[in-house]
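Below is one structure, written out as structure tokens; the observations come after it.
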Amino acid sequence: MVDASGSRRADVLVKGEVVAEVEPGLSGGGPGTVVLDAGGCIVAPGLVDLHAHLREPGAEEAETIETGARAAALGGYTAIVAMPNTKPAADSAAVVRHVLDLAKGACCDVRPAGAITVGREGRLLAPMAEMAALGVQIFTDDGNCVQDASVMRRALEYASGLGVVIADHCEEPTLAGAGWMNEGELSSLLGLPGRPAVSEEIMVRRDLALARLTGARLHLLHLSSALALAAVREARAEGIAVTAEVTPHHLVLTEEAVRSYDPLFKVNPPLRTSSDLAALLTGLLDGTIDAIATDHAPHPPEAKQVAFSEAAPGMVGLETALGIALFELGLPAERVLALMSWQPAAIAGLSGSHGGPVAPGAPANLCVIDPSRQWKVVAAALASRSHNTPFAGREITGKVRHTIFAGEPVVIAEEAQR
Amino acid sequence: MTPRHLLSVSDLGLDGIDEVLRLADTFVEVGRRPIPRVPALRGKTVASVFFEDSTRTRLSFETAAKRLSADVMTFTSSSSSLNKGESLRDTVLTLEAMGVDAFVVRHSCAGVPAQVAGWLESAGGPGAGGPGGQAGSAASVLNAGDGAHEHPTQALLDCFTISRERERRFGHSPARPAVLSGLRIAIVGDIRHSRVARSNVIAFSTLGASVTLVAPPTLLPPSLAGWPVEVSHDMDAVVAKSDVVYLLRLQSERMNEQFLPSLREYTATFGLTAERARLLGPSALVMHPGPVRRGVEIAAEVADSPSSVITTQVANGVAVRMAVLYLLLGSGAQVGA
């Protein structure tokens, strides 16, 4: 068993929706008890994803809340934050309520993020208080950056009064907007217009300056570059209230993948260079980065089987994130779980129900990970409605065996139960 | 070994380029015959698939294919089903199902010919589900220009033009295969957005020339690391010492995108004006891939001067494209009468 309080050997008894007992050598819970084999496995608090695009409402051909939550459960997640770039955008209590309704009965806790601005257009503040009253903790115009510095400042100020977090997709659009991959040596060679890393750095530095000015909590989505990371490190040293996430794909894939011109590897921010990868990994180690988040972005094949210019950016990740993080980063499991469970739970304001220590009385949101399970990513076998994984064919060691959500085993032996 | 596809001019290598140039000599001769046609590709079907309009390149390829007795199929985006929501992959596999031996692909985005090659090779594979569903296609893909990436046949016809014009005019016949050895070639203008520049940098340097790029920094690629080139911003100095001055077309959009203040300033700084053309050496050649914007990148009288080989480039285009089609699709037998 591994949680924020350390690691130990124990059995776990779950009754109803809570953990009843945690002891070595527990012997069943009486008749009707479901026994899940966790031999050789890590039992941990369920994972929490700060960044999933579930596409519902509006793009159900790519993903629904049901299919996305199932994919998440298979990936070990018991809570995911649903990004608000739906159609319509989650910029009002009505849409948030709709998402919450659709999420009832899902395989995990689906927590909608709200938009910062109406229609994610970057002009008028969305009714954050109304959405916060429904439990929304994170506000972002993700996909878009809030370009107007004054709007961003007001959003941070307003959010600080509500105790919620403003999260930004940091790319200066006037620098990055026309590009489709990392700008540099390779983009020059391939003839694809680039999105320079400085466009991320500039926006990160602006946001950090505004966070300093307002004292508000800021979360930086999917950092991709060494330049941005350096800015965050300075800000942390200064005491600015900032948290940051990075995706598995930015940690293990480089722009070299784009050499194939396969739009599967088109994503914003773009895949960068191996020195950026190294910097991000350092950021994980020294605590500059708080969370690994998926930026799960499902797209149907027709959105990817087109020219690179026309392809939709993004890649799915819920079912591969933990395996990639455990197997490819060279970090101890305790560190990976901190980055994928209790630290993101704290950022999303979910610490009471997710990511907490596995102890009697705690909500039974758990995952059981087999660290020695060898498997191969097969795109068509993914539970997500879309199969645009950049990891197809990859051999991974480490997989989620069981997931328990609110006391219910929603995944048993790698199979979703509903 | 002959490559299956021509996606980049680097697919050919030095010997491959040399082979194309030698074949092109034969096809120039074929073009002078009363009936300029050989049966080399009889029974083969060449599809020109142009997602971006380029009548000149398309007609050049189609003429080349017809002179080799291939059947020609034309698909242009204006007549396409892309507007009807069909994916690019479906469009390609639909055409493939009709029986195509070579796809000549043009697209405004870099990489589309490579994508097409990939789809053809995996057609009918697991999960393909495309029309026809055949088990892999043996068709070749020829890149007829993809975004700001490459335009290999343009580079080949440019190499052919330089080498053969110098031979014809001045009796220079350098040793093969590096037929541009020792030449100083300047490529001038919008390098950043130019597929012609990328292919020509590779081809010219492969054939032994030293290449200088001349442009304002805004019109250079973000990085030139690894490019076998020198860079200059001094047009006068470069013109005076170049054996070939290769001018690129300047799109008017570049002003709106803040790459340049004005066309007038561009012409004054980087245009081959009549005054600047006086700096050209006696054996220097002036080239342009067309369409030429007279008065912008080149003065009208320079375009029409004896140094200019712009129309020769166009004329050679057909022979060089015949050579490429023959190399990729032909049986390897002698070119028939």
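How things are named: the first chain in the structure tokens is A, the next is B, and so on; residues count from 1 in each chain; ligands count from 1 in the order shown.
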Pull out every residue of chain A sitting within 7 Å of chain B, counting only C-alpha atoms, and send them as a list of chain:residue names.
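The selection requested is A:Gly184, A:Glu185, A:Ser188, A:Leu190, A:Gly191, A:Leu192, A:Tyr261, A:Asp262, A:Glu302, A:Gln305, A:Val306, A:Ala307, A:Phe308, A:Ser309.
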Residues within 8 Å of stretch 273-282 of chain B, only C-alpha atoms, excluding chain neighbours under 2 positions, as a ChimeraX atom specification
/B:236,239-243,267-268,271,284,295,297-299,301-302
Next, write the just-selected residues to a file, as a PDB file, in the first residue's frame, keeping C-alpha atoms as the atom set.
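Below is the file that was written, part33.pdb:
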```
ATOM      1  CA  ASP B 236      24.784  43.571 -54.386  1.00  0.00           C
ATOM      2  CA  VAL B 239      24.984  39.120 -57.207  1.00  0.00           C
ATOM      3  CA  ALA B 240      28.488  40.196 -58.170  1.00  0.00           C
ATOM      4  CA  LYS B 241      30.078  36.887 -57.246  1.00  0.00           C
ATOM      5  CA  SER B 242      27.380  34.330 -58.124  1.00  0.00           C
ATOM      6  CA  ASP B 243      27.288  31.968 -61.067  1.00  0.00           C
ATOM      7  CA  THR B 267      12.492  45.295 -54.506  1.00  0.00           C
ATOM      8  CA  ALA B 268      14.981  47.993 -53.569  1.00  0.00           C
ATOM      9  CA  GLY B 271      15.051  42.599 -56.136  1.00  0.00           C
ATOM     10  CA  ALA B 284      25.936  34.193 -64.721  1.00  0.00           C
ATOM     11  CA  GLY B 295       8.971  44.523 -61.164  1.00  0.00           C
ATOM     12  CA  GLU B 297      11.636  40.184 -57.454  1.00  0.00           C
ATOM     13  CA  ILE B 298      13.004  40.782 -60.926  1.00  0.00           C
ATOM     14  CA  ALA B 299      12.872  43.675 -63.372  1.00  0.00           C
ATOM     15  CA  GLU B 301      14.180  43.647 -68.749  1.00  0.00           C
ATOM     16  CA  VAL B 302      16.290  41.286 -66.617  1.00  0.00           C
TER      17      VAL B 302
END
```
Give me the residues near B:Glu257 as a tab-separated table (two decimals) with N, CA and C atoms, in the first residue's frame, where near means some atom within 12 Å (using only C-alpha atoms) and where sequence neighbours in that chain fewer than 5 positions away do not count.
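The resulting file, part.tsv, is shown below:
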```
chain	number	residue	atom	x	y	z
A	174	THR	N	-0.51	35.24	-30.52
A	174	THR	CA	0.01	35.97	-31.68
A	174	THR	C	1.36	35.40	-32.12
A	175	LEU	N	2.02	34.69	-31.21
A	175	LEU	CA	3.29	34.05	-31.59
A	175	LEU	C	3.09	32.60	-32.01
A	178	ALA	N	-0.18	30.54	-35.46
A	178	ALA	CA	-0.10	30.08	-36.84
A	178	ALA	C	0.68	28.77	-36.97
B	218	THR	N	13.52	37.96	-41.58
B	218	THR	CA	12.13	37.53	-41.41
B	218	THR	C	11.73	36.47	-42.42
B	219	LEU	N	12.40	36.44	-43.55
B	219	LEU	CA	12.01	35.48	-44.59
B	219	LEU	C	12.97	34.29	-44.66
B	251	GLN	N	5.11	36.43	-52.23
B	251	GLN	CA	3.64	36.54	-52.12
B	251	GLN	C	3.27	37.87	-51.44
B	252	SER	N	2.23	38.48	-51.93
B	252	SER	CA	1.81	39.76	-51.36
B	252	SER	C	1.37	39.64	-49.91
B	262	SER	N	7.17	46.73	-47.12
B	262	SER	CA	6.51	47.03	-48.39
B	262	SER	C	7.21	46.29	-49.53
```
Top pick for closest residue to B:Phe204, considering B:Asp304, B:Asp190, B:Asp158, B:Glu165 and counting only C-alpha atoms:
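Of B:Asp304, B:Asp190, B:Asp158, B:Glu165, the one nearest B:Phe204, counting only C-alpha atoms, is B:Asp158.
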Would you please give, as a list in words, all residues of stretch 279-315 of chain A that DSSP assigns to strand (DSSP E or B) based on the backbone?
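Answer for stretch 279-315 of chain A, restricted to strand (DSSP E or B): Ala291, Ile292, His296 and Met315 of chain A.
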Show me, as a list in words, the residues that have an atom within 8 Å of B:Ala117 when counting only C-alpha atoms, minus same-chain residues fewer than 5 positions from it.
His5, Ser140 and Val141 of chain B
Please write the residues from the selection above to a file, keeping C-alpha atoms, as an mmCIF file, in the first residue's frame.
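Listing of again-v4.cif after writing:
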```
data_model
loop_
_atom_site.group_PDB
_atom_site.id
_atom_site.type_symbol
_atom_site.label_atom_id
_atom_site.label_comp_id
_atom_site.auth_asym_id
_atom_site.auth_seq_id
_atom_site.Cartn_x
_atom_site.Cartn_y
_atom_site.Cartn_z
ATOM 1 C CA HIS B 5 8.499 7.376 -53.946
ATOM 2 C CA SER B 140 4.405 5.442 -56.178
ATOM 3 C CA VAL B 141 3.964 8.938 -54.822
#
```
Go through A:Val204, A:Ala293, A:Ala52, A:Val358 and flag the residue nearest A:Thr86, using only C-alpha atoms for the distances.
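So, comparing all the options, the nearest one is A:Ala52.
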May I ask for the distance between atom CA of B:Val211 and atom CA of B:Ile185, given in Å to one decimal place?
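Distance between the two atoms: 4.9 Å.
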Atom CA of A:Ser341 to atom CA of A:Ile65, straight-line distance in Å:
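Calculated distance between atom CA of A:Ile65 and atom CA of A:Ser341 is 20.4 Å.
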Proximity to B:Leu14 - best of B:Val314, B:Leu213, B:Ala203, B:Ala102, only C-alpha atoms:
B:Ala203
